Structure formats: structure tokens, C-alpha cells
Amino acid sequence: MASFLERATSSSKVQFAATAIASGAVVAGAILGYQRLQREERMHKLKDSIPSLIDESETLRRLNSFGGASKADKEDLRNELLARRAQAGDYDDELILEQLARNRVFLTPEGLDKLRNSFVVVVGCGGVGSHCTAALARSGVSKIRLIDFDQVSLSSLNRHAVATLADVGSPKVLCLQRRLLAITPWVHFDLRQEKFWDQAADRLLAPWKDNGQKPDYVVDAIDNIDTKVALLKYCHDHDLPVIASMGAGCKSDPTRIIVGDIGTSTDDGLSRSTRRRLKLLGITKGIPTVYSTEKTGEGKAELLPLPEDEFQKGKVGDLGVLPDFRVRILPVLGTMPAVFGYTAANHVILSVTGYPHDYVPAKGREKMYEGLLAAVQGGEEKVLRHMTGGDPSITLGLKVPITTADTAFLVEEIFKGRSAITGLSTRLTLVRWRKPASSILIRIGEGSDEQKSSNVKLSDLVCMTKEEGIRHDKEVLRGDKKLEDLYDKDTLEKVEALLRDTATYEKYR
């Protein structure tokens, strides 16, 4: 072994090779060190080039033009001046790419370019929305519009992404901009301190003012059912990509949070109500949602009741900050809105960049809904022929004012995918419950221009198995038996309660 080393060290080739390796290492180290010094020098120059504050009062006034409760400190003002320069293009792009280096490697340079050129709207800047916005800004999205009417409260600090005690009382949209500019000064923010509502949708979701770019994605982080449905309906009708976050309140298991189609979201009051309302508007699928499959149980948090002294102040609907907004305290574990927000942001990032993603598929029950609609059509034709003495021509061209979205709503949301009579979940159909007292035919026009339709309503229909439906049709609808002759008291009361529930939601149809 010793002789081998002696020969190796005495060989001129080995010596040259060792010298070359050592020289290469020295040169590489020098180059890397020089590049690091260059980056540090560029950053120092950029920071040192920020002008000193000449009129602090003017900047303070501008920063608090939304009505912020606290004054901006000198670091905030310095961040604002740096952001103003960065957004004007006076910022070294290599520094941005270095800050986004991990994302660039993951998403590829082309993917990161798509993200940096994207325009995302976040509606709702509380626990979910703030974490989503922070993730989008840190990941490279350069144009973000924030929409929220509310202010930072002391109780929201347990779940807000960036708010501090100094931000309490200031608008949530301003708080997010103020804090995130210190992290990503090149991001352009468009702040809208107002409540989203359907009549303002065209303005709030309008293209970016400078280049006319339509939103590449919209994030729904609203916890009010009316405005949530209005936002999702608008995005659906105008082909704007949107992801909806469902309720993070009363949830504690992060392993149960998934992304799935609106038709699959379950076990959550907000998602259930949203799904019902959207189905009545004809939307049964096509909207990705972040939701939890966690079920409530003994010992788990629930929505707290409104204290009696609050009832004494007036009607419950008059007690909120805005009309129709909740006034009861919703228990929220501070970690859960963050998981919801980051999940929504993750979906936006993957979608905008074209990165592959595969989520839980929808239930795929469209064929069943179409079959149920055909059953309603056939049932109405049978009833009409029976009432007119069996004339087959009376049903030619007959239409029913029911859609597949209606059948989906009835079966899934009202009857929970089960027969109202026996609770069975196979071979389901929809049948009129009560025998019509008068003609069900509505005729408009004459001759070839005549339109014939049935007057059936959602609250007329009950979910049964096909066998139960055949018996009901034969003995009640086209027979002489009364409902009381065929069903017991408990079944009758159960069905009537379900029909009342249907009638309540039918007004949103």
C-alpha cells in the first residue's frame, strides 16, 4: 500500500491532476463568493437608495386612508417606499428569482412565469383568505385584488396570517397589503374595502385596470351564505375559474381536509347550504371546493347559542355588522383556517401554472339524475292521461318545469339519497305525493304554436324506490285510496316535514 502511494505521488500525471482539481475548487469558490457579494451589494444599494422621509404626516395619512387604527412606524414607511419603487420596475429581477428559487425549480421557469403574470382575486380576508393571500404573494403572484368590508378584531388574531396587535381596528385588506409589502414588495395590490354582492360583481371582478387582464382565478373565502352563492354563481356564469372554501369552524382534524367538486362536499353546514342553493340555481358540479369530511360528535365544538341579553337588543338579524351576517360566535381552532387557506392557494398555484393535480372525483350520478327526470316526465304523463280518460294525444309535447339540477337537489339534499317511505337507497324514483284535485295541464297558444306543460312543483315530489312508486301511482294517484290508507302516521309526518323543507328552499329556485 505504501509503495503504491509513493508511486502515485511521484507520478507527474497525478500531481497535475491534483493541482487542476485544487485550482478548480479555488476558482469555483471565488466565483460563488463573488456572486454572493454582488447580490448582497445590489440589495444594499437598493435599500440605501430609498429616500429619507420628507413629510411623514403625508405618508401616514395615505397609509391610513382606509381608517386604520394605528399609525405606520418607520419600517412600514420604508417598506412602502421600497414597494413603490419595486412596482415601478426599479427592482433587480434576479433578487426576485432568488427569493422564488424553490418555486422556480418545482414549477419550472415557464410555470413560474405564468404565476408571476397572473391576476388573482381573493374575496374574504379573514383567517382563510389571509393565509391564502400570503401564500399566493410569497409564491410569485404579482397582481392580487383583495375584497373585504371588515376590520381586524382582537379575537381574529388567533387565525389571521399576518395581523398584529397594531392592526386591530384597521381594514383587513389594508393590513394584508401593509404586511405583505415587507415580504414581496413587487406585488401589486388592488384593495376593495367593501362587501361583495351580486349587483357589484361586474365592478369587483373586473379586469386589472392597467392591462385589462381578466382574473386568472378567484378565491371564495366568504363565510356568509348569500354572498358566497352570489359570487360562485357569477363566476360560473362568466367562466371565471374559482375555488370555494367551506367552513373551517368547529373543525379540528387537518387530515380530513380535501379538495373536491361542489357536488361531493359533505358533513359541513356551510357546504351543505351552499350546495343546496347552487343546485336550485342549476349548478350541480364544476366548482372545486376545499372542505372537511370531519363529522361532529360528542365533546366536539358546536356553534354557540346567542346569549339571551343579545336577544333583548332586538331582532337577531339586526345585531350583525351588516344585514344577514351571522351574529353568533363560531368556535374556530386557529390552525384550521390556515390549512384551508393554504389548500386553496395550492390549488390556484397548480391550476395557473398547469402543474398536474388529481383530486377526489365527483359522485358521477348525472345519469341517475337524468333517469329521475325521465321518471317525473313519465309520471306526469300517466296522471294526465288518467285524468282525461286515457287520451294519448293529450300528452304529446308535454313538458315538465323540472331540471336534472332539481332532481339532484331533491334526492341528495332533501331525501339524502334514500326513500322517504322505507329508507332504502336503491332503485330510486320521484313521484307526486298527493293526488291532484284539478287538471295539471297548462296550455299556452294554439295549434302548432301551442305549449303544453305540467304544473308540478318540487314540493309535490317524494323520493321512493321504484316498487314503492308503482304502488303509490296505482293506488293513490290513479286509484281511490287516500294517503292515510296506505301509510302510517309517522311516515305521513316525516314526508310532510320533508315537503315543507323543500318548499322553504324552492323560493331560491
# chains A, B, ... in the order shown; residues from 1 in each chain; ligands from 1

$ residues_around --residues "Lys300 in chain A" --least-positions-apart "6" --cutoff "12 Å" --atoms "only C-alpha atoms" --output "PyMOL selection string"
chain A and resi 249-253+294+331-333

$ residues_around --residues "Pro215 in chain A" --least-positions-apart "5" --cutoff "10 Å" --atoms "only C-alpha atoms" --output "VMD selection string"
chain A and resid 118 to 121 143 to 145 205 to 208 240 to 242

$ closest_atom_pairs --of "range 81-172 of chain A" --to "range 228-231 of chain A" --cutoff "12 Å" --atoms "only C-alpha atoms" --output "Markdown table"
| residue | atom | partner | partner_atom | distance |
| --- | --- | --- | --- | --- |
| A:Val121 | CA | A:Leu231 | CA | 11.5 |
| A:Val122 | CA | A:Leu231 | CA | 11.2 |
| A:Val123 | CA | A:Leu231 | CA | 8.8 |
| A:Gly124 | CA | A:Lys228 | CA | 9.8 |
| A:Ile147 | CA | A:Leu231 | CA | 11.7 |

$ write_last_selection --atoms "all heavy atoms" --output "short mmCIF file (atom, residue, chain, number, x, y, z; two decimals), in the first residue's frame"
data_model
loop_
_atom_site.label_atom_id
_atom_site.label_comp_id
_atom_site.auth_asym_id
_atom_site.auth_seq_id
_atom_site.Cartn_x
_atom_site.Cartn_y
_atom_site.Cartn_z
N VAL A 121 -58.01 37.15 -7.57
CA VAL A 121 -58.92 37.90 -6.70
C VAL A 121 -59.23 37.05 -5.48
O VAL A 121 -59.63 35.88 -5.61
CB VAL A 121 -60.23 38.26 -7.42
CG1 VAL A 121 -61.15 39.05 -6.49
CG2 VAL A 121 -59.95 39.05 -8.69
N VAL A 122 -59.04 37.60 -4.30
CA VAL A 122 -59.38 36.91 -3.05
C VAL A 122 -60.54 37.67 -2.40
O VAL A 122 -60.40 38.84 -2.05
CB VAL A 122 -58.19 36.84 -2.08
CG1 VAL A 122 -58.59 36.12 -0.80
CG2 VAL A 122 -57.01 36.13 -2.75
N VAL A 123 -61.67 36.99 -2.25
CA VAL A 123 -62.85 37.60 -1.65
C VAL A 123 -63.02 37.04 -0.24
O VAL A 123 -63.30 35.86 -0.06
CB VAL A 123 -64.12 37.31 -2.48
CG1 VAL A 123 -65.29 38.12 -1.94
CG2 VAL A 123 -63.88 37.65 -3.95
N GLY A 124 -62.81 37.88 0.74
CA GLY A 124 -62.81 37.46 2.14
C GLY A 124 -61.39 37.37 2.65
O GLY A 124 -60.62 36.51 2.21
N ILE A 147 -60.81 41.79 -1.50
CA ILE A 147 -62.16 42.31 -1.28
C ILE A 147 -62.64 41.87 0.10
O ILE A 147 -62.78 40.67 0.37
CB ILE A 147 -63.13 41.80 -2.36
CG1 ILE A 147 -62.63 42.17 -3.76
CG2 ILE A 147 -64.53 42.34 -2.13
CD1 ILE A 147 -63.44 41.55 -4.88
#

$ residues_around --residues "range 158-175 of chain A" --least-positions-apart "2" --cutoff "8 Å" --atoms "only C-alpha atoms" --output "JSON, numbers by chain"
{"A": [66, 67, 68, 69, 70, 125, 126, 127, 128, 130, 131, 134, 146, 147, 148, 149, 150, 151, 152, 153, 154, 155, 156, 177, 178, 179, 180, 191, 192, 193, 333, 334, 335, 337, 338]}

$ select_by_dssp --residues "range 98-338 of chain A" --states "strand (DSSP E or B)" --output "number ranges by chain"
A: 119-123, 143-147, 151, 171, 188-192, 217-220, 242-245, 257-261, 288-292

$ write_last_selection --atoms "C-alpha atoms" --output "mmCIF file, in the first residue's frame"
data_model
loop_
_atom_site.group_PDB
_atom_site.id
_atom_site.type_symbol
_atom_site.label_atom_id
_atom_site.label_comp_id
_atom_site.auth_asym_id
_atom_site.auth_seq_id
_atom_site.Cartn_x
_atom_site.Cartn_y
_atom_site.Cartn_z
ATOM 1 C CA PHE A 119 -54.052 38.069 -11.549
ATOM 2 C CA VAL A 120 -55.906 36.526 -8.591
ATOM 3 C CA VAL A 121 -58.919 37.900 -6.697
ATOM 4 C CA VAL A 122 -59.382 36.912 -3.049
ATOM 5 C CA VAL A 123 -62.854 37.600 -1.649
ATOM 6 C CA LYS A 143 -51.390 41.084 -9.104
ATOM 7 C CA ILE A 144 -53.799 40.470 -6.228
ATOM 8 C CA ARG A 145 -57.182 42.113 -5.631
ATOM 9 C CA LEU A 146 -58.448 41.912 -2.053
ATOM 10 C CA ILE A 147 -62.161 42.307 -1.275
ATOM 11 C CA GLN A 151 -61.715 45.246 10.094
ATOM 12 C CA PRO A 171 -59.264 47.199 7.477
ATOM 13 C CA HIS A 188 -49.369 44.952 -6.920
ATOM 14 C CA PHE A 189 -52.404 45.052 -4.620
ATOM 15 C CA ASP A 190 -55.840 46.382 -5.516
ATOM 16 C CA LEU A 191 -57.774 46.979 -2.291
ATOM 17 C CA ARG A 192 -61.582 46.971 -2.179
ATOM 18 C CA TYR A 217 -58.502 32.758 -10.575
ATOM 19 C CA VAL A 218 -60.979 33.820 -7.894
ATOM 20 C CA VAL A 219 -60.776 32.558 -4.312
ATOM 21 C CA ASP A 220 -64.034 32.436 -2.353
ATOM 22 C CA VAL A 242 -62.987 29.861 -8.836
ATOM 23 C CA ILE A 243 -62.287 27.741 -5.789
ATOM 24 C CA ALA A 244 -64.568 27.927 -2.752
ATOM 25 C CA SER A 245 -63.503 27.388 0.827
ATOM 26 C CA ILE A 257 -59.463 18.470 4.614
ATOM 27 C CA ILE A 258 -59.636 17.723 0.885
ATOM 28 C CA VAL A 259 -60.308 19.403 -2.438
ATOM 29 C CA GLY A 260 -63.294 18.077 -4.354
ATOM 30 C CA ASP A 261 -66.130 19.140 -6.596
ATOM 31 C CA PRO A 288 -63.721 22.966 -6.833
ATOM 32 C CA THR A 289 -64.115 23.361 -3.097
ATOM 33 C CA VAL A 290 -61.952 22.981 -0.013
ATOM 34 C CA TYR A 291 -63.948 21.166 2.642
ATOM 35 C CA SER A 292 -63.621 18.827 5.593
#

$ residues_around --residues "Arg116 in chain A" --least-positions-apart "2" --cutoff "9 Å" --atoms "only C-alpha atoms" --output "MDAnalysis selection string"
chainID A and resid 111:114 118:119 139:143

$ atom_distance --atom1 "CA of Ala497 in chain A" --atom2 "CA of Arg276 in chain A"
17.1 Å

$ closest_residue --among "A:Val348, A:Thr255, A:Ala88, A:Cys235" --to "Ala135 in chain A" --atoms "only C-alpha atoms"
A:Val348

$ atom_distance --atom1 "CA of Ile283 in chain A" --atom2 "CA of Ile262 in chain A"
9.0 Å

$ residues_around --residues "Lys285 in chain A" --least-positions-apart "2" --cutoff "10 Å" --atoms "only C-alpha atoms" --output "PDB file with all heavy atoms, in the first residue's frame"
ATOM      1  N   HIS A 236     -69.388  31.125 -12.173  1.00  0.00           N
ATOM      2  CA  HIS A 236     -69.843  30.017 -13.016  1.00  0.00           C
ATOM      3  C   HIS A 236     -70.424  30.533 -14.326  1.00  0.00           C
ATOM      4  O   HIS A 236     -70.126  30.018 -15.407  1.00  0.00           O
ATOM      5  CB  HIS A 236     -70.884  29.189 -12.255  1.00  0.00           C
ATOM      6  CG  HIS A 236     -71.443  28.039 -13.034  1.00  0.00           C
ATOM      7  ND1 HIS A 236     -72.550  28.165 -13.865  1.00  0.00           N
ATOM      8  CD2 HIS A 236     -71.061  26.742 -13.138  1.00  0.00           C
ATOM      9  CE1 HIS A 236     -72.812  27.005 -14.422  1.00  0.00           C
ATOM     10  NE2 HIS A 236     -71.928  26.116 -14.004  1.00  0.00           N
ATOM     11  N   GLY A 260     -62.398  18.874  -3.529  1.00  0.00           N
ATOM     12  CA  GLY A 260     -63.294  18.077  -4.354  1.00  0.00           C
ATOM     13  C   GLY A 260     -64.325  18.966  -5.014  1.00  0.00           C
ATOM     14  O   GLY A 260     -64.434  20.159  -4.702  1.00  0.00           O
ATOM     15  N   ASP A 261     -65.101  18.386  -5.898  1.00  0.00           N
ATOM     16  CA  ASP A 261     -66.130  19.140  -6.596  1.00  0.00           C
ATOM     17  C   ASP A 261     -67.237  19.534  -5.627  1.00  0.00           C
ATOM     18  O   ASP A 261     -67.464  18.881  -4.609  1.00  0.00           O
ATOM     19  CB  ASP A 261     -66.707  18.301  -7.740  1.00  0.00           C
ATOM     20  CG  ASP A 261     -67.576  19.128  -8.667  1.00  0.00           C
ATOM     21  OD1 ASP A 261     -67.020  19.781  -9.560  1.00  0.00           O
ATOM     22  OD2 ASP A 261     -68.804  19.130  -8.480  1.00  0.00           O
ATOM     23  N   ILE A 262     -67.936  20.617  -5.951  1.00  0.00           N
ATOM     24  CA  ILE A 262     -69.023  21.113  -5.101  1.00  0.00           C
ATOM     25  C   ILE A 262     -70.073  20.025  -4.861  1.00  0.00           C
ATOM     26  O   ILE A 262     -70.722  19.994  -3.816  1.00  0.00           O
ATOM     27  CB  ILE A 262     -69.679  22.371  -5.736  1.00  0.00           C
ATOM     28  CG1 ILE A 262     -70.739  22.975  -4.802  1.00  0.00           C
ATOM     29  CG2 ILE A 262     -70.288  22.035  -7.097  1.00  0.00           C
ATOM     30  CD1 ILE A 262     -70.203  23.565  -3.557  1.00  0.00           C
ATOM     31  N   GLY A 263     -70.222  19.103  -5.812  1.00  0.00           N
ATOM     32  CA  GLY A 263     -71.211  18.043  -5.657  1.00  0.00           C
ATOM     33  C   GLY A 263     -70.819  16.984  -4.658  1.00  0.00           C
ATOM     34  O   GLY A 263     -71.645  16.169  -4.266  1.00  0.00           O
ATOM     35  N   THR A 264     -69.549  16.974  -4.215  1.00  0.00           N
ATOM     36  CA  THR A 264     -69.086  15.935  -3.289  1.00  0.00           C
ATOM     37  C   THR A 264     -68.923  16.440  -1.870  1.00  0.00           C
ATOM     38  O   THR A 264     -68.701  15.649  -0.963  1.00  0.00           O
ATOM     39  CB  THR A 264     -67.733  15.371  -3.749  1.00  0.00           C
ATOM     40  OG1 THR A 264     -66.720  16.373  -3.598  1.00  0.00           O
ATOM     41  CG2 THR A 264     -67.789  14.932  -5.202  1.00  0.00           C
ATOM     42  N   ARG A 275     -74.359  24.143  -1.404  1.00  0.00           N
ATOM     43  CA  ARG A 275     -74.675  23.156  -2.433  1.00  0.00           C
ATOM     44  C   ARG A 275     -76.168  23.165  -2.755  1.00  0.00           C
ATOM     45  O   ARG A 275     -76.578  23.083  -3.907  1.00  0.00           O
ATOM     46  CB  ARG A 275     -74.230  21.773  -1.962  1.00  0.00           C
ATOM     47  CG  ARG A 275     -74.160  20.731  -3.051  1.00  0.00           C
ATOM     48  CD  ARG A 275     -73.502  19.464  -2.557  1.00  0.00           C
ATOM     49  NE  ARG A 275     -74.213  18.853  -1.471  1.00  0.00           N
ATOM     50  CZ  ARG A 275     -73.758  18.789  -0.216  1.00  0.00           C
ATOM     51  NH1 ARG A 275     -72.586  19.304   0.063  1.00  0.00           N
ATOM     52  NH2 ARG A 275     -74.447  18.210   0.736  1.00  0.00           N
ATOM     53  N   LEU A 278     -76.992  26.356  -4.781  1.00  0.00           N
ATOM     54  CA  LEU A 278     -76.442  26.301  -6.136  1.00  0.00           C
ATOM     55  C   LEU A 278     -77.201  25.311  -7.005  1.00  0.00           C
ATOM     56  O   LEU A 278     -77.429  25.561  -8.187  1.00  0.00           O
ATOM     57  CB  LEU A 278     -74.961  25.927  -6.087  1.00  0.00           C
ATOM     58  CG  LEU A 278     -74.011  27.023  -5.576  1.00  0.00           C
ATOM     59  CD1 LEU A 278     -72.594  26.472  -5.448  1.00  0.00           C
ATOM     60  CD2 LEU A 278     -74.023  28.230  -6.495  1.00  0.00           C
ATOM     61  N   LYS A 279     -77.616  24.193  -6.432  1.00  0.00           N
ATOM     62  CA  LYS A 279     -78.383  23.217  -7.206  1.00  0.00           C
ATOM     63  C   LYS A 279     -79.711  23.801  -7.653  1.00  0.00           C
ATOM     64  O   LYS A 279     -80.183  23.537  -8.758  1.00  0.00           O
ATOM     65  CB  LYS A 279     -78.595  21.943  -6.395  1.00  0.00           C
ATOM     66  CG  LYS A 279     -77.365  21.048  -6.354  1.00  0.00           C
ATOM     67  CD  LYS A 279     -77.618  19.756  -5.616  1.00  0.00           C
ATOM     68  CE  LYS A 279     -76.387  18.856  -5.662  1.00  0.00           C
ATOM     69  NZ  LYS A 279     -76.590  17.593  -4.919  1.00  0.00           N
ATOM     70  N   GLY A 282     -79.281  25.657 -10.709  1.00  0.00           N
ATOM     71  CA  GLY A 282     -78.854  24.882 -11.867  1.00  0.00           C
ATOM     72  C   GLY A 282     -77.394  24.506 -11.883  1.00  0.00           C
ATOM     73  O   GLY A 282     -76.882  24.017 -12.887  1.00  0.00           O
ATOM     74  N   ILE A 283     -76.670  24.711 -10.770  1.00  0.00           N
ATOM     75  CA  ILE A 283     -75.244  24.396 -10.705  1.00  0.00           C
ATOM     76  C   ILE A 283     -75.057  23.181  -9.814  1.00  0.00           C
ATOM     77  O   ILE A 283     -75.245  23.260  -8.599  1.00  0.00           O
ATOM     78  CB  ILE A 283     -74.432  25.587 -10.157  1.00  0.00           C
ATOM     79  CG1 ILE A 283     -74.664  26.834 -11.020  1.00  0.00           C
ATOM     80  CG2 ILE A 283     -72.942  25.249 -10.106  1.00  0.00           C
ATOM     81  CD1 ILE A 283     -74.057  28.091 -10.445  1.00  0.00           C
ATOM     82  N   ILE A 287     -67.364  23.286  -9.703  1.00  0.00           N
ATOM     83  CA  ILE A 287     -66.708  24.273  -8.843  1.00  0.00           C
ATOM     84  C   ILE A 287     -65.877  23.519  -7.800  1.00  0.00           C
ATOM     85  O   ILE A 287     -66.426  22.816  -6.946  1.00  0.00           O
ATOM     86  CB  ILE A 287     -67.724  25.174  -8.129  1.00  0.00           C
ATOM     87  CG1 ILE A 287     -68.523  25.987  -9.147  1.00  0.00           C
ATOM     88  CG2 ILE A 287     -67.020  26.106  -7.140  1.00  0.00           C
ATOM     89  CD1 ILE A 287     -69.595  26.854  -8.523  1.00  0.00           C
ATOM     90  N   PRO A 288     -64.540  23.625  -7.856  1.00  0.00           N
ATOM     91  CA  PRO A 288     -63.721  22.966  -6.833  1.00  0.00           C
ATOM     92  C   PRO A 288     -63.897  23.631  -5.478  1.00  0.00           C
ATOM     93  O   PRO A 288     -64.026  24.863  -5.391  1.00  0.00           O
ATOM     94  CB  PRO A 288     -62.290  23.144  -7.356  1.00  0.00           C
ATOM     95  CG  PRO A 288     -62.349  24.320  -8.263  1.00  0.00           C
ATOM     96  CD  PRO A 288     -63.723  24.332  -8.862  1.00  0.00           C
ATOM     97  N   ALA A 362     -65.998  13.633  -8.522  1.00  0.00           N
ATOM     98  CA  ALA A 362     -67.400  13.808  -8.132  1.00  0.00           C
ATOM     99  C   ALA A 362     -68.100  12.455  -8.129  1.00  0.00           C
ATOM    100  O   ALA A 362     -67.576  11.450  -8.618  1.00  0.00           O
ATOM    101  CB  ALA A 362     -68.092  14.764  -9.099  1.00  0.00           C
ATOM    102  N   LYS A 363     -69.300  12.447  -7.597  1.00  0.00           N
ATOM    103  CA  LYS A 363     -70.001  11.182  -7.416  1.00  0.00           C
ATOM    104  C   LYS A 363     -70.420  10.529  -8.724  1.00  0.00           C
ATOM    105  O   LYS A 363     -70.726   9.352  -8.770  1.00  0.00           O
ATOM    106  CB  LYS A 363     -71.226  11.397  -6.524  1.00  0.00           C
ATOM    107  CG  LYS A 363     -70.865  11.613  -5.068  1.00  0.00           C
ATOM    108  CD  LYS A 363     -72.087  11.771  -4.206  1.00  0.00           C
ATOM    109  CE  LYS A 363     -72.612  13.168  -4.215  1.00  0.00           C
ATOM    110  NZ  LYS A 363     -73.641  13.400  -3.199  1.00  0.00           N
ATOM    111  N   GLY A 364     -70.462  11.261  -9.798  1.00  0.00           N
ATOM    112  CA  GLY A 364     -70.799  10.685 -11.083  1.00  0.00           C
ATOM    113  C   GLY A 364     -72.209  10.144 -11.151  1.00  0.00           C
ATOM    114  O   GLY A 364     -72.435   9.054 -11.684  1.00  0.00           O
ATOM    115  N   GLU A 366     -74.817  11.750 -12.554  1.00  0.00           N
ATOM    116  CA  GLU A 366     -75.610  12.513 -13.518  1.00  0.00           C
ATOM    117  C   GLU A 366     -76.631  11.635 -14.237  1.00  0.00           C
ATOM    118  O   GLU A 366     -77.761  12.055 -14.490  1.00  0.00           O
ATOM    119  CB  GLU A 366     -74.692  13.193 -14.548  1.00  0.00           C
ATOM    120  CG  GLU A 366     -73.886  14.364 -14.002  1.00  0.00           C
ATOM    121  CD  GLU A 366     -72.684  13.916 -13.194  1.00  0.00           C
ATOM    122  OE1 GLU A 366     -72.374  12.696 -13.210  1.00  0.00           O
ATOM    123  OE2 GLU A 366     -72.047  14.759 -12.540  1.00  0.00           O
ATOM    124  N   ALA A 405     -80.883  19.383 -12.319  1.00  0.00           N
ATOM    125  CA  ALA A 405     -80.398  20.025 -11.094  1.00  0.00           C
ATOM    126  C   ALA A 405     -81.446  19.933  -9.996  1.00  0.00           C
ATOM    127  O   ALA A 405     -81.121  19.745  -8.812  1.00  0.00           O
ATOM    128  CB  ALA A 405     -80.057  21.488 -11.369  1.00  0.00           C
TER     129      ALA A 405
END

$ closest_residue --among "A:Leu157, A:Ala201, A:Leu461, A:Ala83" --to "Tyr234 in chain A" --atoms "only C-alpha atoms"
A:Ala201

$ residues_around --residues "Ile470 in chain A" --least-positions-apart "2" --cutoff "12 Å" --atoms "only C-alpha atoms" --output "list in words"
Ala375, Gly378, Gly379, Lys382, Arg427, Leu428, Thr429, Leu430, Val431, Arg432, Met464, Thr465, Lys466, Glu467, Glu468, His472, Asp473, Lys474, Glu475, Val476, Leu477, Arg478 and Gly479 of chain A

$ atom_distance --atom1 "CA of His238 in chain A" --atom2 "CA of Leu372 in chain A"
29.0 Å

$ closest_residue --among "A:Leu441, A:Leu232, A:Met336, A:Ala301" --to "Thr274 in chain A" --atoms "only C-alpha atoms"
A:Leu232

$ residues_around --residues "range 392-402 of chain A" --least-positions-apart "4" --cutoff "6 Å" --atoms "only C-alpha atoms" --output "list in words"
Glu381, Lys452, Ser453 and Ser454 of chain A

$ closest_residue --among "A:Ala344, A:Val187, A:Phe106, A:Val495" --to "Phe415 in chain A" --atoms "only C-alpha atoms"
A:Val495
